[in-house]
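Peer 1: See work_16.tsv below, with TSV, C-alpha atoms and all ligand atoms.
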chain	number	residue	atom	x	y	z
Y	179	LEU	CA	127.68	56.40	98.48
Y	180	ARG	CA	125.99	53.18	99.51
Y	181	ALA	CA	127.54	50.16	101.23
Y	182	SER	CA	126.32	46.60	100.87
Y	183	PHE	CA	127.50	43.69	103.00
Y	184	SER	CA	127.61	40.01	102.18
Y	185	VAL	CA	128.34	37.46	104.84
Y	186	ILE	CA	130.52	34.53	103.80
Y	187	GLN	CA	129.30	31.52	105.67
Y	188	LYS	CA	130.67	28.00	105.65
Y	189	GLU	CA	128.40	24.95	105.46
Y	190	THR	CA	129.14	24.41	109.14
Y	191	GLY	CA	127.51	27.72	109.85
Y	192	PHE	CA	130.66	29.52	110.86
Y	193	VAL	CA	131.09	32.93	109.47
Y	194	ASN	CA	134.56	33.39	108.10
Y	195	GLY	CA	134.33	36.52	106.08
Y	196	LEU	CA	132.51	39.67	105.26
Y	197	ILE	CA	132.51	41.43	101.92
Y	198	THR	CA	131.80	45.11	101.86
Y	199	VAL	CA	131.02	46.72	98.54
Y	200	LEU	CA	130.83	50.45	98.21
Y	201	HIS	CA	128.71	51.63	95.32
Y	202	ASP	CA	128.97	55.04	93.91
Y	203	ILE	CA	125.24	55.50	93.46
Y	204	THR	CA	125.48	58.89	91.94
Y	205	GLU	CA	127.66	57.54	89.09
Y	206	GLN	CA	125.38	54.52	88.59
Y	207	GLN	CA	122.30	56.68	88.71
Y	208	LYS	CA	123.81	59.05	86.21
Y	209	ILE	CA	124.53	56.27	83.72
Y	210	GLU	CA	121.05	54.85	84.20
Y	211	MET	CA	119.49	58.28	83.75
Y	212	GLU	CA	121.50	58.91	80.58
Y	213	ARG	CA	120.48	55.53	79.21
Y	214	ARG	CA	116.81	56.24	79.84
Y	215	GLU	CA	117.08	59.68	78.35
Y	216	PHE	CA	118.79	58.20	75.29
Y	217	VAL	CA	116.05	55.62	74.73
Y	218	ALA	CA	113.39	58.32	75.18
Y	219	ASN	CA	115.20	60.52	72.66
Y	220	VAL	CA	115.52	57.75	70.09
Y	221	SER	CA	111.83	56.85	70.46
Y	222	HIS	CA	110.81	60.45	70.11
Y	223	GLU	CA	113.04	61.04	67.09
Y	224	LEU	CA	111.53	58.00	65.36
Y	225	ARG	CA	107.96	58.69	66.35
Y	226	THR	CA	107.89	62.18	64.86
Y	227	PRO	CA	108.62	61.14	61.25
Y	228	LEU	CA	106.44	58.04	61.64
Y	229	THR	CA	103.37	59.95	62.77
Y	230	THR	CA	103.90	62.49	60.00
Y	231	MET	CA	104.10	59.67	57.47
Y	232	ARG	CA	101.01	58.02	58.87
Y	233	SER	CA	98.85	61.09	58.40
Y	234	TYR	CA	100.09	61.73	54.87
Y	235	LEU	CA	99.58	58.09	53.90
Y	236	GLU	CA	96.09	58.18	55.42
Y	237	ALA	CA	95.23	61.25	53.38
Y	238	LEU	CA	96.58	59.59	50.25
Y	239	SER	CA	94.61	56.42	50.75
Y	240	ASP	CA	91.48	58.44	51.60
Y	241	GLY	CA	91.54	59.76	48.04
Y	242	ALA	CA	94.34	62.30	47.82
Y	243	TRP	CA	96.21	59.90	45.52
Y	244	LYS	CA	93.74	60.84	42.78
Y	245	ASP	CA	94.53	64.52	43.02
Y	246	GLU	CA	97.41	65.32	40.71
Y	247	ASN	CA	98.02	68.60	42.48
Y	248	ILE	CA	98.58	67.26	45.96
Y	249	ALA	CA	99.59	63.61	45.61
Y	250	PRO	CA	103.18	64.29	44.44
Y	251	SER	CA	103.89	66.66	47.33
Y	252	PHE	CA	102.37	64.24	49.87
Y	253	LEU	CA	104.53	61.45	48.51
Y	254	ASN	CA	107.48	63.77	48.66
Y	255	VAL	CA	106.90	64.31	52.39
Y	256	THR	CA	106.82	60.58	53.08
Y	257	GLN	CA	110.04	60.18	51.13
Y	258	THR	CA	111.80	62.97	53.03
Y	259	GLU	CA	110.71	61.48	56.34
Y	260	THR	CA	111.86	58.00	55.31
Y	261	GLU	CA	115.25	59.40	54.38
Y	262	ARG	CA	115.49	61.14	57.73
Y	263	MET	CA	114.76	57.88	59.55
Y	264	ILE	CA	117.39	56.05	57.50
Y	265	ARG	CA	119.93	58.75	58.41
Y	266	LEU	CA	118.96	58.51	62.05
Y	267	VAL	CA	119.21	54.72	62.17
Y	268	ASN	CA	122.56	54.83	60.36
Y	269	ASP	CA	123.84	57.40	62.86
Y	270	LEU	CA	122.61	55.25	65.75
Y	271	LEU	CA	124.30	52.15	64.34
Y	272	ASN	CA	127.48	54.13	63.95
Y	273	LEU	CA	127.36	55.29	67.55
Y	274	SER	CA	126.56	51.86	68.90
Y	275	LYS	CA	129.51	50.39	66.98
Y	276	MET	CA	131.78	52.98	68.52
Y	277	ASP	CA	130.31	52.35	71.98
Y	278	SER	CA	130.85	48.61	71.79
Y	279	ARG	CA	134.57	49.20	71.22
Y	280	ASP	CA	134.85	46.08	69.08
Y	281	TYR	CA	135.35	48.17	66.00
Y	282	LYS	CA	138.64	48.65	64.24
Y	283	LEU	CA	139.95	51.79	62.68
Y	284	ASN	CA	141.01	51.18	59.12
Y	285	LYS	CA	144.08	53.35	59.27
Y	286	GLU	CA	146.28	54.48	56.44
Y	287	LEU	CA	148.95	57.10	56.11
Y	288	VAL	CA	147.66	60.05	54.08
Y	289	GLU	CA	148.83	63.52	53.28
Y	290	PHE	CA	146.44	65.67	55.28
Y	291	ASN	CA	146.72	68.76	53.07
Y	292	MET	CA	145.45	66.89	50.01
Y	293	PHE	CA	142.86	64.91	51.98
Y	294	PHE	CA	141.37	68.07	53.51
Y	295	ASN	CA	141.48	70.01	50.20
Y	296	ARG	CA	139.60	67.23	48.39
Y	297	ILE	CA	136.75	67.28	50.89
Y	298	ILE	CA	136.54	71.08	50.67
Y	299	ASP	CA	136.59	70.84	46.83
Y	300	ARG	CA	133.66	68.45	46.88
Y	301	PHE	CA	131.56	70.88	48.95
Y	302	GLU	CA	132.71	73.90	46.95
Y	303	MET	CA	131.70	72.19	43.71
Y	304	SER	CA	128.22	71.21	44.84
Y	305	LYS	CA	127.21	74.12	47.06
Y	306	SER	CA	124.13	76.03	46.02
Y	307	GLN	CA	124.41	78.86	48.52
Y	308	ASP	CA	126.13	82.19	48.04
Y	309	VAL	CA	128.97	81.35	50.44
Y	310	GLN	CA	132.67	81.95	49.85
Y	311	PHE	CA	135.22	79.31	50.81
Y	312	ILE	CA	138.55	80.61	52.08
Y	313	ARG	CA	141.45	78.21	52.71
Y	314	TYR	CA	144.37	78.64	55.03
Y	315	ILE	CA	146.13	75.38	54.23
Y	316	PRO	CA	149.89	75.40	54.87
Y	317	GLU	CA	152.36	74.64	52.04
Y	318	THR	CA	154.28	72.15	54.13
Y	319	THR	CA	152.79	68.69	53.81
Y	320	TYR	CA	151.75	66.75	56.87
Y	321	PHE	CA	150.99	63.06	57.11
Y	322	VAL	CA	148.35	61.59	59.36
Y	323	ASP	CA	147.58	57.95	60.13
Y	324	ILE	CA	143.80	57.94	59.90
Y	325	ASP	CA	140.70	55.99	59.01
Y	326	THR	CA	139.86	58.10	55.95
Y	327	ASP	CA	136.18	57.07	55.84
Y	328	LYS	CA	135.64	58.08	59.45
Y	329	LEU	CA	137.60	61.31	59.19
Y	330	THR	CA	135.71	62.19	55.99
Y	331	GLN	CA	132.48	61.70	57.89
Y	332	VAL	CA	133.67	64.00	60.69
Y	333	ILE	CA	134.73	66.78	58.31
Y	334	ASP	CA	131.56	66.34	56.20
Y	335	ASN	CA	129.46	66.85	59.32
Y	336	ILE	CA	131.32	69.97	60.37
Y	337	ILE	CA	131.20	71.52	56.89
Y	338	SER	CA	127.48	70.69	56.42
Y	339	ASN	CA	126.75	72.43	59.71
Y	340	ALA	CA	128.81	75.46	58.70
Y	341	LEU	CA	126.85	75.64	55.43
Y	342	LYS	CA	123.50	75.11	57.19
Y	343	TYR	CA	124.12	78.03	59.51
Y	344	SER	CA	125.85	80.36	57.03
Y	345	PRO	CA	124.03	83.48	55.89
Y	346	ASP	CA	124.00	84.45	52.21
Y	347	GLY	CA	127.22	86.22	51.34
Y	348	GLY	CA	129.01	84.65	54.32
Y	349	ASN	CA	132.45	83.08	54.34
Y	350	ILE	CA	133.55	79.68	55.54
Y	351	ARG	CA	137.22	79.52	56.45
Y	352	PHE	CA	139.20	76.28	56.48
Y	353	GLY	CA	142.65	75.85	57.87
Y	354	PHE	CA	145.07	73.99	60.04
Y	355	THR	CA	148.16	74.73	62.07
Y	356	VAL	CA	150.65	72.72	64.09
Y	357	GLN	CA	150.32	72.84	67.84
Y	358	GLU	CA	152.24	70.66	70.27
Y	359	ASN	CA	152.81	67.68	67.94
Y	360	MET	CA	149.22	67.81	66.77
Y	361	LEU	CA	147.52	69.25	63.75
Y	362	LYS	CA	144.86	71.70	64.84
Y	363	VAL	CA	142.14	71.87	62.20
Y	364	MET	CA	139.49	74.57	62.04
Y	365	VAL	CA	136.31	75.26	60.13
Y	366	SER	CA	134.85	78.66	60.80
Y	367	ASP	CA	131.60	80.27	59.68
Y	368	ASP	CA	129.86	83.67	59.86
Y	369	GLY	CA	126.58	82.13	60.96
Y	370	MET	CA	124.17	82.70	63.82
Y	371	GLY	CA	126.57	81.38	66.47
Y	372	ILE	CA	125.85	79.35	69.59
Y	373	PRO	CA	125.10	80.75	73.06
Y	374	LYS	CA	128.09	80.33	75.43
Y	375	GLU	CA	126.17	78.14	77.87
Y	376	ASN	CA	125.33	75.63	75.11
Y	377	LEU	CA	128.78	75.42	73.55
Y	378	SER	CA	130.04	72.25	75.20
Y	379	ARG	CA	126.68	70.52	74.92
Y	380	ILE	CA	126.52	70.52	71.10
Y	381	PHE	CA	128.71	67.39	71.16
Y	382	ASP	CA	126.11	65.53	73.27
Y	383	ARG	CA	123.81	63.02	71.63
Y	384	PHE	CA	120.59	64.62	70.39
Y	385	TYR	CA	121.49	68.01	71.77
Y	386	ARG	CA	120.46	70.88	69.51
Y	387	VAL	CA	120.34	74.56	70.32
Y	388	ASP	CA	117.17	74.88	68.28
Y	389	ARG	CA	115.42	71.54	67.89
Y	390	ALA	CA	112.79	72.67	65.40
Y	391	ARG	CA	115.34	74.39	63.21
Y	392	SER	CA	117.68	71.40	63.20
Y	393	ARG	CA	114.78	69.11	62.26
Y	394	ALA	CA	113.61	71.42	59.52
Y	395	MET	CA	117.12	71.20	58.08
Y	396	GLY	CA	117.04	67.42	58.20
Y	397	GLY	CA	119.47	67.09	61.11
Y	398	THR	CA	119.53	64.13	63.46
Y	399	GLY	CA	121.29	65.82	66.36
Y	400	LEU	CA	123.93	63.10	66.29
Y	401	GLY	CA	126.47	64.48	63.81
Y	402	LEU	CA	128.77	66.15	66.32
Y	403	ALA	CA	128.38	63.34	68.89
Y	404	ILE	CA	129.67	60.92	66.25
Y	405	ALA	CA	132.45	63.33	65.32
Y	406	LYS	CA	133.52	63.50	68.96
Y	407	GLU	CA	133.74	59.70	69.26
Y	408	MET	CA	135.67	59.41	66.01
Y	409	ILE	CA	138.16	62.12	66.85
Y	410	ALA	CA	138.71	60.60	70.32
Y	411	ALA	CA	139.35	57.21	68.66
Y	412	HIS	CA	142.14	58.91	66.68
Y	413	GLY	CA	143.68	60.40	69.81
Y	414	GLY	CA	142.43	63.92	69.22
Y	415	LYS	CA	140.01	66.40	70.75
Y	416	ILE	CA	137.15	68.43	69.32
Y	417	TRP	CA	135.63	71.66	70.60
Y	418	ALA	CA	133.79	74.79	69.52
Y	419	GLU	CA	134.24	78.49	69.95
Y	420	SER	CA	131.44	80.84	69.07
Y	421	GLU	CA	130.22	84.39	69.25
Y	422	LEU	CA	126.44	84.77	69.17
Y	423	GLY	CA	125.36	86.45	65.94
Y	424	GLU	CA	128.90	86.44	64.55
Y	425	GLY	CA	129.86	82.87	63.85
Y	426	THR	CA	131.15	79.55	65.03
Y	427	THR	CA	134.49	77.80	64.75
Y	428	ILE	CA	134.86	74.07	65.21
Y	429	PHE	CA	138.37	72.88	66.06
Y	430	PHE	CA	139.77	69.39	66.24
Y	431	THR	CA	143.23	67.97	66.73
Y	432	LEU	CA	144.94	64.95	65.20
Y	433	PRO	CA	148.35	63.48	65.92
Y	434	PHE	CA	150.55	63.71	62.82
Y	435	GLU	CA	153.44	61.62	61.57
Y	436	LEU	CA	156.72	63.16	60.58
Y	437	ASP	CA	157.22	62.39	56.91
Y	438	GLU	CA	160.13	60.23	55.80
Y	439	LEU	CA	162.40	63.15	54.98
Y	440	ASP	CA	162.05	64.58	58.45
Y	441	GLU	CA	162.73	61.25	60.03
Y	442	VAL	CA	165.99	60.81	58.12
Y	443	GLY	CA	167.15	64.23	59.19
Y	444	ASP	CA	167.28	67.81	58.19
Y	445	TRP	CA	168.38	68.07	54.57
Y	446	GLU	CA	168.81	71.80	54.39
Y	501	LIG	P1	122.28	68.51	63.78
Y	501	LIG	O1	121.83	67.27	63.09
Y	501	LIG	O2	121.19	69.16	64.55
Y	501	LIG	O3	123.05	69.42	62.90
Y	501	LIG	P2	124.83	68.18	65.16
Y	501	LIG	O4	125.25	67.16	66.17
Y	501	LIG	O5	125.59	68.22	63.88
Y	501	LIG	O6	123.28	67.92	64.91
Y	501	LIG	O7	124.89	69.61	65.85
Y	501	LIG	C1	124.26	69.82	67.10
Y	501	LIG	C2	123.77	71.25	67.24
Y	501	LIG	O8	124.89	72.14	67.34
Y	501	LIG	C3	122.95	71.78	66.07
Y	501	LIG	O9	121.62	71.41	66.16
Y	501	LIG	C4	123.14	73.28	66.24
Y	501	LIG	O10	122.25	73.77	67.22
Y	501	LIG	C5	124.56	73.40	66.78
Y	501	LIG	N1	125.56	73.71	65.72
Y	501	LIG	C6	126.44	72.86	65.17
Y	501	LIG	N2	127.23	73.48	64.28
Y	501	LIG	C7	126.85	74.78	64.25
Y	501	LIG	C8	127.28	75.94	63.54
Y	501	LIG	N3	128.28	75.90	62.65
Y	501	LIG	N4	126.65	77.12	63.82
Y	501	LIG	C9	125.64	77.17	64.71
Y	501	LIG	N5	125.18	76.11	65.42
Y	501	LIG	C10	125.77	74.93	65.19
Produce structure tokens that represent the structure in this file.
Ligand code: ADP

Peer 2:
Amino acid sequence: LRASFSVIQKETGFVNGLITVLHDITEQQKIEMERREFVANVSHELRTPLTTMRSYLEALSDGAWKDENIAPSFLNVTQTETERMIRLVNDLLNLSKMDSRDYKLNKELVEFNMFFNRIIDRFEMSKSQDVQFIRYIPETTYFVDIDTDKLTQVIDNIISNALKYSPDGGNIRFGFTVQENMLKVMVSDDGMGIPKENLSRIFDRFYRVDRARSRAMGGTGLGLAIAKEMIAAHGGKIWAESELGEGTTIFFTLPFELDELDEVGDWE
């Protein structure tokens, strides 16, 4: 804690007041440190693909463009890296919009069962891995008042991670239950898992358990940080449970609306 004093002095020279301000330096220092770390991370994340691209472009302009055997793969690298940077910048813009708090959620009332099933269908249809999808979706329909684009992005991120870390022949389980006026949604995989001490940190910006591996898979390290902001904006929470070598489960909660029938009363 630091105190700073300002003397309030009249033109006549008489002192008629004293302002004492107590600063919580540790809090200020923490914010400043996080800001610096964030800028360093962003710079680093952008520099890596840029330097890679530079060397491949140099090789191409030094003559590799004439070699039919290597030119396509060199161009492919520069394309992959460009796509990664676009993803990163989009993620950063997303986060900065959420930070500025001048964004609006575009909410609409949707049936969560159908909404969730459709996202799972899309992944099930396009997946190339040998992974089984198992659904535990209740028969009762539940309505949620959500920004469907944002929630889709959250669920997309969680499912892509589950797929990324799933072994061949593994299962991904999807489900939700009702807990204390909230829907509790889960996506669970049989993947490599996350060490206990890193569990809470995976929602931090740029935090990855294995940086090289995440990069190799095209990750930006921002997916779960964005998910956390978006779920919080909807009044929910997000967390992970994991057993190393056995799998990971991501949970999040969402407030749900009682559907019209329930509001009118019990019809049975
Ligand atoms: P990334 O772009 O690296 O996937 P995320 O924010 O989506 O960034 O996730 C952060 C980190 O959390 C990942 O790098 C990974 O280490 C860990 N992680 C997330 N989901 C899983 C999962 N299902 N199984 C194992 N590790 C995971």

Peer 1: Name the residues in contact with segment 334-345 of chain Y at a cut-off of 9 Å, using all atoms listed in the file, excluding same-chain residues fewer than 3 positions from it; report them as a VMD selection string.

Peer 2: chain Y and resid 297 to 298 301 305 307 to 309 329 to 331 348 to 350 365 to 371 395 401 to 402 405 425 to 428

Peer 1: Would you save the residues from that selection as an mmCIF file, in the coordinates of the input, using C-alpha atoms?

Peer 2:
data_model
loop_
_atom_site.group_PDB
_atom_site.id
_atom_site.type_symbol
_atom_site.label_atom_id
_atom_site.label_comp_id
_atom_site.auth_asym_id
_atom_site.auth_seq_id
_atom_site.Cartn_x
_atom_site.Cartn_y
_atom_site.Cartn_z
ATOM 1 C CA ILE Y 297 136.750 67.280 50.890
ATOM 2 C CA ILE Y 298 136.540 71.080 50.670
ATOM 3 C CA PHE Y 301 131.560 70.880 48.950
ATOM 4 C CA LYS Y 305 127.210 74.120 47.060
ATOM 5 C CA GLN Y 307 124.410 78.860 48.520
ATOM 6 C CA ASP Y 308 126.130 82.190 48.040
ATOM 7 C CA VAL Y 309 128.970 81.350 50.440
ATOM 8 C CA LEU Y 329 137.600 61.310 59.190
ATOM 9 C CA THR Y 330 135.710 62.190 55.990
ATOM 10 C CA GLN Y 331 132.480 61.700 57.890
ATOM 11 C CA GLY Y 348 129.010 84.650 54.320
ATOM 12 C CA ASN Y 349 132.450 83.080 54.340
ATOM 13 C CA ILE Y 350 133.550 79.680 55.540
ATOM 14 C CA VAL Y 365 136.310 75.260 60.130
ATOM 15 C CA SER Y 366 134.850 78.660 60.800
ATOM 16 C CA ASP Y 367 131.600 80.270 59.680
ATOM 17 C CA ASP Y 368 129.860 83.670 59.860
ATOM 18 C CA GLY Y 369 126.580 82.130 60.960
ATOM 19 C CA MET Y 370 124.170 82.700 63.820
ATOM 20 C CA GLY Y 371 126.570 81.380 66.470
ATOM 21 C CA MET Y 395 117.120 71.200 58.080
ATOM 22 C CA GLY Y 401 126.470 64.480 63.810
ATOM 23 C CA LEU Y 402 128.770 66.150 66.320
ATOM 24 C CA ALA Y 405 132.450 63.330 65.320
ATOM 25 C CA GLY Y 425 129.860 82.870 63.850
ATOM 26 C CA THR Y 426 131.150 79.550 65.030
ATOM 27 C CA THR Y 427 134.490 77.800 64.750
ATOM 28 C CA ILE Y 428 134.860 74.070 65.210
#

Peer 1: Which one of Y:Ile264, Y:Val363, Y:Ile209, Y:Leu271 sits closest to Phe434 of chain Y if you count only C-alpha atoms?

Peer 2: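 Selected residue with least distance to Phe434 of chain Y: Y:Val363.
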
Peer 1: What gap, in Å, lies between atom CA of Val220 of chain Y and atom CA of Pro373 of chain Y?

Peer 2: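 Separating atom CA of Val220 of chain Y from atom CA of Pro373 of chain Y is a distance of 25.1 Å.
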
Peer 1: What does the distance from atom CA of Gly396 of chain Y to atom CA of Val255 of chain Y come to in Å, to one decimal?

Peer 2: 12.1 Å

Peer 1: What is the atom CA of Glu419 of chain Y-atom CA of Gln310 of chain Y distance in Å, reported with one decimal?

Peer 2: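 Straight-line distance from atom CA of Glu419 of chain Y to atom CA of Gln310 of chain Y works out to 20.5 Å.
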
Peer 1: If you count all atoms listed in the file, which residues fall within 7 Å of Arg383 of chain Y, apart from same-chain ones fewer than 3 positions away, as a PyMOL selection string?

Peer 2: chain Y and resi 399-400+403

Peer 1: Taking all listed atoms of ligand LIG 501 (chain Y), build the axis-aligned box, pad each of the six sides by 5 Å, then write its centre and edge lengths in Å to one decimal as AutoDock Vina command-line options.

Peer 2:
--center_x 124.7 --center_y 72.2 --center_z 65.0 --size_x 17.1 --size_y 20.0 --size_z 14.7

Peer 1: Using all atoms listed in the file, can you tell me which of Y:Glu236, Y:Asp388, Y:Glu210, Y:Glu435 comes closest to Asn359 of chain Y?

Peer 2: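 That would be Y:Glu435, the residue with the smallest distance to Asn359 of chain Y.
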
Peer 1: Using all atoms listed in the file for the distances, tell me which of Y:Ile312, Y:Phe429, Y:His412, Y:Val387 is nearest to ligand LIG 501 (chain Y).

Peer 2: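 For ligand LIG 501 (chain Y), the nearest of the given residues is Y:Val387.
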
Peer 1: Choose the residue, out of Y:Ala411, Y:Gly397, Y:Val356, Y:Gly423, that has the smallest atom-to-atom separation from ligand LIG 501 (chain Y); count only C-alpha atoms and all ligand atoms.

Peer 2: Y:Gly397

Peer 1: So which residues touch Ala218 of chain Y within 12 Å, counting all atoms listed in the file, skipping near sequence neighbours fewer than 6 positions away, as a list in words?

Peer 2: Met211, Glu212, Leu224, Arg225, Arg383 and Phe384 of chain Y

Peer 1: Selected residues, C-alpha atoms, written as an mmCIF file, keeping the file's coordinate frame, please.

Peer 2:
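File written: again-v3.cif
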data_model
loop_
_atom_site.group_PDB
_atom_site.id
_atom_site.type_symbol
_atom_site.label_atom_id
_atom_site.label_comp_id
_atom_site.auth_asym_id
_atom_site.auth_seq_id
_atom_site.Cartn_x
_atom_site.Cartn_y
_atom_site.Cartn_z
ATOM 1 C CA MET Y 211 119.490 58.280 83.750
ATOM 2 C CA GLU Y 212 121.500 58.910 80.580
ATOM 3 C CA LEU Y 224 111.530 58.000 65.360
ATOM 4 C CA ARG Y 225 107.960 58.690 66.350
ATOM 5 C CA ARG Y 383 123.810 63.020 71.630
ATOM 6 C CA PHE Y 384 120.590 64.620 70.390
#

Peer 1: Hey, which of Y:Asn254, Y:Glu223, Y:Gly414, Y:Asp280 ends up closest to ligand LIG 501 (chain Y)? Count only C-alpha atoms and all ligand atoms.

Peer 2: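 The shortest atom-to-atom distance to ligand LIG 501 (chain Y) comes from Y:Glu223.
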
Peer 1: With distances taken over only C-alpha atoms and all ligand atoms, which residue among Y:Asn194, Y:Thr204, Y:Asn272, Y:Ser378 lies nearest ligand LIG 501 (chain Y)?

Peer 2: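 The answer is Y:Ser378, which sits nearest to ligand LIG 501 (chain Y).
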